[in-house]
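Q: To start, I am sharing the structure in question, which I have written as structure tokens.
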Protein chains: 2
Amino acid sequence: MKIALAQLNYHIGNFEANTRKIIDGIQLAKSKGADLVVFAELAICGYPPRDFLEYEEFIALCEQSVLEIAAHCNDIACIVGSPVKNDILQGKDLFNAAYFIEAGKVKAITKKALLPTYDVFDEYRYFEPATNFACIDFKGKRIALTICEDLWNINDNPLYVSNPMDVLIKEKPDVMINIAASPFSYTHDDERIKVLGDNASKYQLPLFYVNQVGAQTEIIFDGGSLVFDADGSMKAEMKYFEEDLQVFDLAEVENVKNKYPEQQRANDIEQIHDALILGIRDYFQKSGFSKAVLGLSGGIDSAVVCALACRALGAENVMAVLMPSKFSSDHSVQDALGLVNNIGCMHEIVPIKEIAEAFDETLAPAFKGLPFNLAEENIQARIRGIINMAMSNKFGYILLNTSNKSECAVGYGTLYGDMCGAIGVIGDVYKMQVFELARYINKDEEIIPVNTIVKPPSAELRPDQKDSDSLPEYEVLDKILYQHIEMKQGTAAIINQGFDEALVKRILRMVNIAEFKRYQTPPILRVSPKAFGMGRRMPIVGKYLI
Amino acid sequence: MKIALAQLNYHIGNFEANTRKIIDGIQLAKSKGADLVVFAELAICGYPPRDFLEYEEFIALCEQSVLEIAAHCNDIACIVGSPVKNDILQGKDLFNAAYFIEAGKVKAITKKALLPTYDVFDEYRYFEPATNFACIDFKGKRIALTICEDLWNINDNPLYVSNPMDVLIKEKPDVMINIAASPFSYTHDDERIKVLGDNASKYQLPLFYVNQVGAQTEIIFDGGSLVFDADGSMKAEMKYFEEDLQVFDLAEVENVKNKYPEQQRANDIEQIHDALILGIRDYFQKSGFSKAVLGLSGGIDSAVVCALACRALGAENVMAVLMPSKFSSDHSVQDALGLVNNIGCMHEIVPIKEIAEAFDETLAPAFKGLPFNLAEENIQARIRGIINMAMSNKFGYILLNTSNKSECAVGYGTLYGDMCGAIGVIGDVYKMQVFELARYINKDEEIIPVNTIVKPPSAELRPDQKDSDSLPEYEVLDKILYQHIEMKQGTAAIINQGFDEALVKRILRMVNIAEFKRYQTPPILRVSPKAFGMGRRMPIVGKYLI
């Protein structure tokens with residue numbers, strides 16, 4: 001039996017495009033001699049459809065797509081993920097399911113049992129967990145089909161919910177298939193290979209795993225679909241961050257002697273680089289836009305975002321706006337222009353001095369002679385926000401946000417100023433990782449001027465300002481933030497690791513207070529196991545850790 | 001037996017204040033002769049604590065608070081809600097639970113079985129559902145204690161999870177107690193009375209119900225704790241939107257002949273009015289601020305928000321900023337000043353003409369002579385946003401957002417302009433309801449100038465602009481939006497109700513496209529059953545209904 005894994009990039013709610021893409025995948029798999037083609041979890045509607053699932057019309061459109069797809073499954077069988085109605089009228093209205101289609105008809109529906117409801121996942125919000133499981137017989141082989149998380153609790157043994165494979169294995173299946181929508185983070189590929197390999201060897205069955213690829217606003221799917229033999233050895237690893245369709249002969253996979261060579265895996269920074277480019281590209285393509293604008297300060301954050309945007313969209317589609325103020329250093333404009341020249345994107349220089357003066361004069365009566373302070377610093381950042389948005393409104397460019405994760409964490413940024421944008425490109429990348437990204441971008445040639453990378457970070461909102469006036473060195477800051485955000489450690493636990501008590505308290509207080517800012521920032525491309533946004537849900541008015 | 005219901009206003013994560021408040025409640029209940037005092041769901045930490053629950057230190061602080069509270073329970077028993085650890089090491093880490101404390105010791109822990117995971121609720125994200133239930137014996141009475149949602153599936157009969165009361169009733173309890181954190185919406189009080197009354201009569205038991213009161217950022221708890229006799233007749237209804245502690249004699253509640261008179265209930269607009277005032281007041285008190293700023297345009301939205309803010313915070317704590325442009329009509333400033341005079345708040349007049357001209361001149365080279373359009377309209381709204389935020393930064397005022405729900409829905413507002421603010425006061429109030437609110441505010445005297453209420457709504461961002469240039473009349477718009485947002489109806493279903501097809505498609509497309517704006521707007525005080533924000537989770541880059 002030949003099994004095709006179709007690793008495709010879907011668009012949430014774009015039934016026309018998704019259905020066409022799935023039908024094209026069926027035709028291609030057929031032309032390559034496949035008996036069965038497997039598409040990912042919720043391929044029909046894209047993942048995550050979120051509250052669209054609460055609209056009956058949305059579910060009706062899913063059902064209609066399945067009929068269209070089934071009509072193309074006469075000489076090939078197909079497995080495709082879709083929500084299906086829960087017709088037993090109790091519990092949630094839907095199941096997260098997979099259709100098995102053979103000879104033009106739906107022959108079986110497999111439902112997901114283990115519903116992730118943590119981090120970015122909300123599956124219990126919509127879906128009823130499955131409690132009954134059965135294998136699918138196809139061409140003399142018995143298939144144990146499961147959906148994503150159903151294979152992820154291998155080390156868990158809950159009493160109250162069935163682990164689907166522990167039930168299915170009793171039916172003596174010949175092969176496991178798992179369809180997934182498993183979001184990327186830079187730690188996830190290794191985990192995935194480990195967990196799936198462990199399943200194959202635990203159940204002593206070959207395993208075919210197909211994942212989605214592509215970005216859905218902030219969530220990035222990296223593909224990397226996998227095949228394992230019954231020993232748990234990897235037999236194939238499909239492309240990362242790209243669509244891919246490959247056909248595998250089950251007999252070859254069943255031959256455990258025939259080992260595939262170990263692949264060289266991309267390191268974290270390479271993966272983040274590729275993920276962000278896919279994230280930018282899909283945000284634009286799926287929203288129907290092609291051109292981006294961003295403020296280019298001469299600093300490292302906007303330089304990295306500019307370089308990534310040029311790689312994602314083409315330099316000819318990126319507008320860099322240089323907005324020097326009276327506090328900008330000479331090198332800022334030079335460094336920004338250096339990048340523009342190296343990379344070949346569009347640029348405008350829009351000095352903000354006159355506008356800032358107009359604000360000063362207009363606000364003078366209301367400000368009653370009070371001295372320059374944060375208010376005036378923020379006015380400058382917000383003038384730049386307005387100019388970026390004016391370029392966006394005038395020319396149809398989409399504004400990219402250039403805030404990094406360290407800044408987002410401690411609130412070192414101006415709401416409605418440099419925190420503007422449609423999508424946060426590096427909001428899940430700590431400052432120290434931004435430096436690594438910059439060096440990686442420069443690995444073959446100097447794209448980002450070296451001075452941008454080596455000079456001390458500064459917001460340049462007052463004379464001689466440095467980030468280090470307000471923040472500890474990023475080496476220390478990022479470590480504390482990582483412990484608090486990713487590792488969920490509180491004050492005492494972080495201090496116990498040897499960090500300075502006063503510093504930890506100050507940093508965690510900043511993180512907590514900045515929640516009101518983060519609530520209003522753009523969606524952030526998620527590349528870590530714990531990104532700001534839908535994966536981290538904190539009260540705004542709360543007092544813990546203050 | 002005398003039972004005290006303590007309906008208190010907690011602060012998420014403020015263990016010191018919550019514990020003190022609970023101990024004060026114990027003392028007061030004791031002084032009134034109560035044998036048992038009952039506090040609400042998750043009273044210890046406030047509701048909803050969200051991802052704070054994932055921090056071990058947070059749970060340790062809950063446990064410490066329980067010990068402090070227990071030390072005050074020597075002459076009185078106490079029921080108090082708190083997260084407790086799931087020590088069986090499978091499933092989620094916590095239970096949503098209630099401690100029963102007697103003679104200074106925890107005698108029982110009751111766990112919640114039915115975990116709401118819809119709308120604003122995320123309980124499956126954190127909690128394991130309870131599967132074992134037992135009554136609590138106290139002073140010769142057997143108490144069936146449940147937590148909030150556990151009494152809400154009275155018409156449901158799930159096979160896979162136990163309905164706690166159906167189990168507990170077999171132990172022949174004498175009384176039901178339910179502790180809740182049940183958020184306000186203008187439809188919720190009637191539902192609550194119906195559901196709880198149905199429980200009392202179904203199980204033929206008296207029922208004591210205690211709810212939280214107070215706002216936690218966007219979620220408002222209205223209190224309205226209730227007592228029912230075994231016939232399902234209401235015996236007592238505690239205060240709405242205020243703290244309250246009342247002691248009830250169980251023997252009197254058990255006497256079903258002793259009926260209480262029907263109460264006059266507040267209508268929807270009165271409830272919304274009171275809820276918004278509580279929402280504003282608690283946002284400020286719990287964040288540690290006292291003064292508000294808002295842009296006052298002369299239109300009805302900002303007038304209503306100004307009036308509500310003055311009632312919540314005192315007029316002396318509210319700064320209204322009038323920011324006329326060259327497109328502002330004469331009556332705008334007059335109407336705004338009329339309100340300021342009627343209400344006695346602070347005000348500043350900050351004309352934006354010079355700043356707008358500075359933007360025009362600075363952007364002229366980049367704009368290359370292109371005609372005035374949306375870009376210049378938005379610049380004006382954003383200048384006002386900067387001025388509001390400058391007043392906020394300079395004087396420590398907190399900016400109130402004045403966008404209404406109709407505007408939020410269709411994206412009729414400028415991101416980083418009039419959509420700025422720390423909290424959206426009327427973002428869950430449709431425009432037609434805003435008119436009703438204005439009339440209600442004026443019921444005793446003219447506070448909001450009549451001209452503000454009767455003139456045609458306008459954003460005044462270009463000459464002679466009217467909302468009706470871009471939008472249908474609000475009477476029609478609001479009805480379509482209500483069907484789509486609250487009733488979750490799609491295009492076809494709304495057209496089937498008799499609305500114009502082209503209009504419905506246009507409106508729903510606007511709603512869908514505006515998702516990127518709503519993602520970046522302030523938290524919105526929730527008063528309806530379906531508010532924008534955490535209760536409505538939509539993809540940004542999605543194509544359904546476009």
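Residue numbers start at 1 in each chain; chains themselves are named A, B, ... in the order of the structure tokens; ligands are numbered from 1 in the order shown.
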Report as an NGL selection string the set of chain A residues whose atoms approach chain B to within 6 Å, with distances computed over only C-alpha atoms.
A: :A and (12-14 or 50-51 or 55 or 57 or 90 or 117-118 or 125 or 158 or 217 or 287 or 355 or 358 or 375 or 390 or 393-394 or 416 or 488 or 490 or 520-521 or 537-538 or 541-544)
Q: If we count only C-alpha atoms, what is near His273 of chain A at a cut-off of 10 Å, once residues fewer than 6 positions away on the same chain are taken out, given as a PyMOL selection string?
A: chain A and resi 279+304+308+426+437-438+440-441+527
Q: Which residues are near Ala266 of chain B? Cut-off 12 Å, only C-alpha atoms, ignore same chain within fewer than 5 positions. Put them as a PyMOL selection string.
A: chain B and resi 186-187+189-190+224+239-241+271-275
Q: Restricted to C-alpha atoms, what would the selected residues look like written as an mmCIF file, in the first residue's frame?
A:
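Resulting contents of out30.cif:
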```cif
data_model
loop_
_atom_site.group_PDB
_atom_site.id
_atom_site.type_symbol
_atom_site.label_atom_id
_atom_site.label_comp_id
_atom_site.auth_asym_id
_atom_site.auth_seq_id
_atom_site.Cartn_x
_atom_site.Cartn_y
_atom_site.Cartn_z
ATOM 1 C CA TYR B 186 -28.000 42.537 31.450
ATOM 2 C CA THR B 187 -29.742 39.219 30.767
ATOM 3 C CA ASP B 189 -30.045 38.146 36.677
ATOM 4 C CA ASP B 190 -33.295 36.680 35.379
ATOM 5 C CA GLY B 224 -27.321 39.629 43.812
ATOM 6 C CA LYS B 239 -27.752 43.922 46.886
ATOM 7 C CA TYR B 240 -26.631 44.404 43.293
ATOM 8 C CA PHE B 241 -23.291 46.063 42.419
ATOM 9 C CA GLN B 271 -28.347 47.679 35.261
ATOM 10 C CA ILE B 272 -25.886 48.644 32.521
ATOM 11 C CA HIS B 273 -25.564 52.111 34.056
ATOM 12 C CA ASP B 274 -24.776 50.704 37.490
ATOM 13 C CA ALA B 275 -22.457 48.038 36.095
#
```
Q: Among the residues of segment 85-231 of chain B, find those DSSP assigns to strand (DSSP E or B) from the backbone and print them as a ChimeraX atom specification.
A: /B:85,94-102,105-111,127,136-138,141-147,175-179,183,207-210,213-216,219-223,226-228
Q: Go ahead and save the picked residues with N, CA and C atoms, as a short mmCIF file (atom, residue, chain, number, x, y, z; two decimals), in the first residue's frame.
A:
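part-v4.cif written:
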```
data_model
loop_
_atom_site.label_atom_id
_atom_site.label_comp_id
_atom_site.auth_asym_id
_atom_site.auth_seq_id
_atom_site.Cartn_x
_atom_site.Cartn_y
_atom_site.Cartn_z
N LYS B 85 -4.54 22.11 44.97
CA LYS B 85 -3.71 21.25 44.13
C LYS B 85 -4.36 19.91 43.88
N LEU B 94 -4.79 21.47 39.12
CA LEU B 94 -5.59 22.09 40.17
C LEU B 94 -7.04 21.65 40.12
N PHE B 95 -7.73 21.85 41.25
CA PHE B 95 -9.19 21.84 41.27
C PHE B 95 -9.68 23.24 41.62
N ASN B 96 -10.84 23.60 41.09
CA ASN B 96 -11.57 24.77 41.55
C ASN B 96 -12.40 24.28 42.73
N ALA B 97 -12.07 24.75 43.91
CA ALA B 97 -12.60 24.07 45.11
C ALA B 97 -13.14 25.04 46.16
N ALA B 98 -13.76 24.45 47.18
CA ALA B 98 -14.23 25.21 48.33
C ALA B 98 -13.75 24.50 49.59
N TYR B 99 -13.18 25.26 50.51
CA TYR B 99 -12.81 24.72 51.81
C TYR B 99 -13.99 24.85 52.76
N PHE B 100 -14.27 23.78 53.51
CA PHE B 100 -15.19 23.89 54.63
C PHE B 100 -14.34 23.86 55.90
N ILE B 101 -14.37 24.97 56.63
CA ILE B 101 -13.50 25.13 57.80
C ILE B 101 -14.35 25.17 59.07
N GLU B 102 -14.00 24.36 60.03
CA GLU B 102 -14.76 24.30 61.29
C GLU B 102 -13.77 24.11 62.43
N LYS B 105 -10.09 24.33 61.66
CA LYS B 105 -9.44 23.33 60.79
C LYS B 105 -10.23 23.10 59.51
N VAL B 106 -9.52 22.79 58.44
CA VAL B 106 -10.19 22.40 57.20
C VAL B 106 -10.78 21.02 57.41
N LYS B 107 -12.12 20.92 57.34
CA LYS B 107 -12.79 19.64 57.57
C LYS B 107 -13.15 18.94 56.27
N ALA B 108 -13.32 19.72 55.20
CA ALA B 108 -13.69 19.11 53.92
C ALA B 108 -13.27 20.03 52.79
N ILE B 109 -13.01 19.42 51.65
CA ILE B 109 -12.75 20.20 50.43
C ILE B 109 -13.71 19.69 49.35
N THR B 110 -14.51 20.62 48.84
CA THR B 110 -15.46 20.28 47.78
C THR B 110 -14.91 20.80 46.46
N LYS B 111 -14.97 19.95 45.43
CA LYS B 111 -14.37 20.32 44.14
C LYS B 111 -15.44 20.49 43.07
N PHE B 127 -8.18 23.58 35.47
CA PHE B 127 -8.76 22.73 36.51
C PHE B 127 -9.13 21.35 35.98
N ILE B 136 -21.61 17.55 53.43
CA ILE B 136 -20.87 17.98 54.62
C ILE B 136 -21.86 18.02 55.79
N ASP B 137 -21.51 17.35 56.87
CA ASP B 137 -22.37 17.38 58.05
C ASP B 137 -21.92 18.49 58.99
N PHE B 138 -22.89 19.31 59.40
CA PHE B 138 -22.55 20.44 60.26
C PHE B 138 -23.74 20.75 61.17
N LYS B 141 -27.10 19.25 60.48
CA LYS B 141 -27.65 19.44 59.14
C LYS B 141 -26.66 18.89 58.13
N ARG B 142 -27.17 18.39 57.04
CA ARG B 142 -26.31 17.87 55.97
C ARG B 142 -26.35 18.84 54.78
N ILE B 143 -25.17 19.35 54.45
CA ILE B 143 -25.07 20.39 53.42
C ILE B 143 -24.59 19.80 52.10
N ALA B 144 -25.34 20.09 51.02
CA ALA B 144 -24.87 19.74 49.66
C ALA B 144 -24.24 21.01 49.08
N LEU B 145 -22.91 21.01 49.09
CA LEU B 145 -22.18 22.20 48.63
C LEU B 145 -21.73 21.99 47.19
N THR B 146 -22.02 22.98 46.35
CA THR B 146 -21.56 22.92 44.95
C THR B 146 -20.98 24.28 44.57
N ILE B 147 -20.30 24.29 43.43
CA ILE B 147 -19.63 25.51 42.98
C ILE B 147 -20.19 25.94 41.62
N VAL B 175 -29.91 20.93 52.97
CA VAL B 175 -29.80 22.27 52.40
C VAL B 175 -28.73 22.27 51.30
N MET B 176 -28.95 23.08 50.28
CA MET B 176 -27.94 23.27 49.23
C MET B 176 -27.27 24.63 49.43
N ILE B 177 -25.95 24.63 49.24
CA ILE B 177 -25.21 25.91 49.20
C ILE B 177 -24.42 25.92 47.90
N ASN B 178 -24.47 27.03 47.20
CA ASN B 178 -23.70 27.18 45.96
C ASN B 178 -22.89 28.46 46.04
N ILE B 179 -21.59 28.34 45.81
CA ILE B 179 -20.75 29.54 45.78
C ILE B 179 -20.35 29.82 44.33
N PRO B 183 -20.51 36.16 36.23
CA PRO B 183 -20.38 37.53 35.73
C PRO B 183 -21.71 38.13 35.29
N LEU B 207 -32.01 26.63 49.20
CA LEU B 207 -30.75 26.88 48.50
C LEU B 207 -30.20 28.25 48.89
N PHE B 208 -28.95 28.28 49.30
CA PHE B 208 -28.23 29.53 49.60
C PHE B 208 -27.16 29.72 48.54
N TYR B 209 -27.20 30.88 47.90
CA TYR B 209 -26.30 31.15 46.77
C TYR B 209 -25.55 32.44 47.03
N VAL B 210 -24.22 32.37 46.98
CA VAL B 210 -23.46 33.62 47.17
C VAL B 210 -22.56 33.87 45.97
N VAL B 213 -18.98 40.18 43.95
CA VAL B 213 -19.40 41.49 43.44
C VAL B 213 -18.11 42.25 43.11
N GLY B 214 -18.21 43.18 42.15
CA GLY B 214 -17.04 43.98 41.80
C GLY B 214 -16.51 43.63 40.43
N ALA B 215 -15.69 44.53 39.89
CA ALA B 215 -15.16 44.33 38.54
C ALA B 215 -13.71 43.87 38.59
N GLN B 216 -13.37 42.93 37.72
CA GLN B 216 -11.99 42.48 37.55
C GLN B 216 -11.61 42.83 36.11
N ILE B 219 -14.47 42.11 33.40
CA ILE B 219 -15.57 41.28 33.88
C ILE B 219 -16.16 41.88 35.15
N ILE B 220 -17.48 42.07 35.12
CA ILE B 220 -18.16 42.71 36.25
C ILE B 220 -19.02 41.66 36.95
N PHE B 221 -18.86 41.56 38.25
CA PHE B 221 -19.73 40.69 39.04
C PHE B 221 -20.74 41.57 39.75
N ASP B 222 -22.00 41.17 39.65
CA ASP B 222 -23.08 42.06 40.13
C ASP B 222 -23.60 41.69 41.50
N GLY B 223 -23.04 40.65 42.13
CA GLY B 223 -23.59 40.25 43.42
C GLY B 223 -24.96 39.64 43.23
N LEU B 226 -28.59 35.04 46.52
CA LEU B 226 -30.00 34.66 46.59
C LEU B 226 -30.24 33.54 47.60
N VAL B 227 -31.46 33.53 48.13
CA VAL B 227 -31.90 32.43 48.98
C VAL B 227 -33.25 31.94 48.47
N PHE B 228 -33.41 30.63 48.36
CA PHE B 228 -34.66 30.03 47.91
C PHE B 228 -35.15 29.02 48.94
#
```
Q: Skip Phe327 of chain B itself and residues of its chain fewer than 5 positions away, then list as a ChimeraX atom specification all residues within 8 Å of it, counting only C-alpha atoms.
A: /B:460-464
Q: Any chance you could export the current selection's N, CA and C atoms as a compact mmCIF listing (two decimals), in the first residue's frame?
A:
```
# COMPACT_ATOMS: atom_id res chain seq x y z
N GLU B 460 -16.67 64.04 12.42
CA GLU B 460 -16.10 65.36 12.11
C GLU B 460 -14.61 65.30 11.75
N LEU B 461 -14.29 64.39 10.85
CA LEU B 461 -12.90 64.28 10.38
C LEU B 461 -12.74 64.83 8.97
N ARG B 462 -13.87 65.19 8.33
CA ARG B 462 -13.83 65.91 7.05
C ARG B 462 -15.08 66.78 7.01
N PRO B 463 -15.17 67.74 6.04
CA PRO B 463 -16.30 68.68 6.07
C PRO B 463 -17.64 67.95 5.96
N ASP B 464 -18.58 68.33 6.83
CA ASP B 464 -19.97 67.84 6.78
C ASP B 464 -20.10 66.32 6.85
```
Q: Could you pull out the alpha helix (DSSP H) residues of segment 269-333 of chain B, going by DSSP on the backbone, and write them as an MDAnalysis selection string?
A: chainID B and resid 269:287 300:313 330:333
Q: Please, what distance in Å, to one decimal, runs between atom CA of Asn255 of chain B and atom CA of Ala230 of chain B?
A: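 Separating atom CA of Asn255 of chain B from atom CA of Ala230 of chain B is a distance of 8.6 Å.
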Q: For the atom pair atom CA of Leu245 of chain B and atom CA of Ser290 of chain B, what is the interatomic distance in Å to one decimal place?
A: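 Between these atoms lies a distance of 26.9 Å.
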Q: What's around Gly33 of chain B at 12 Å? Count only C-alpha atoms, leave out sequence neighbours fewer than 6 positions away in its own chain, and write the answer as a PyMOL selection string.
A: chain B and resi 1-4+26-27+75-77+246-249
Q: Smallest atom-to-atom distance to Glu445 of chain B: which of B:Gln433, B:Asn342, B:Ser458, B:Ser403, using only C-alpha atoms?
A: B:Asn342
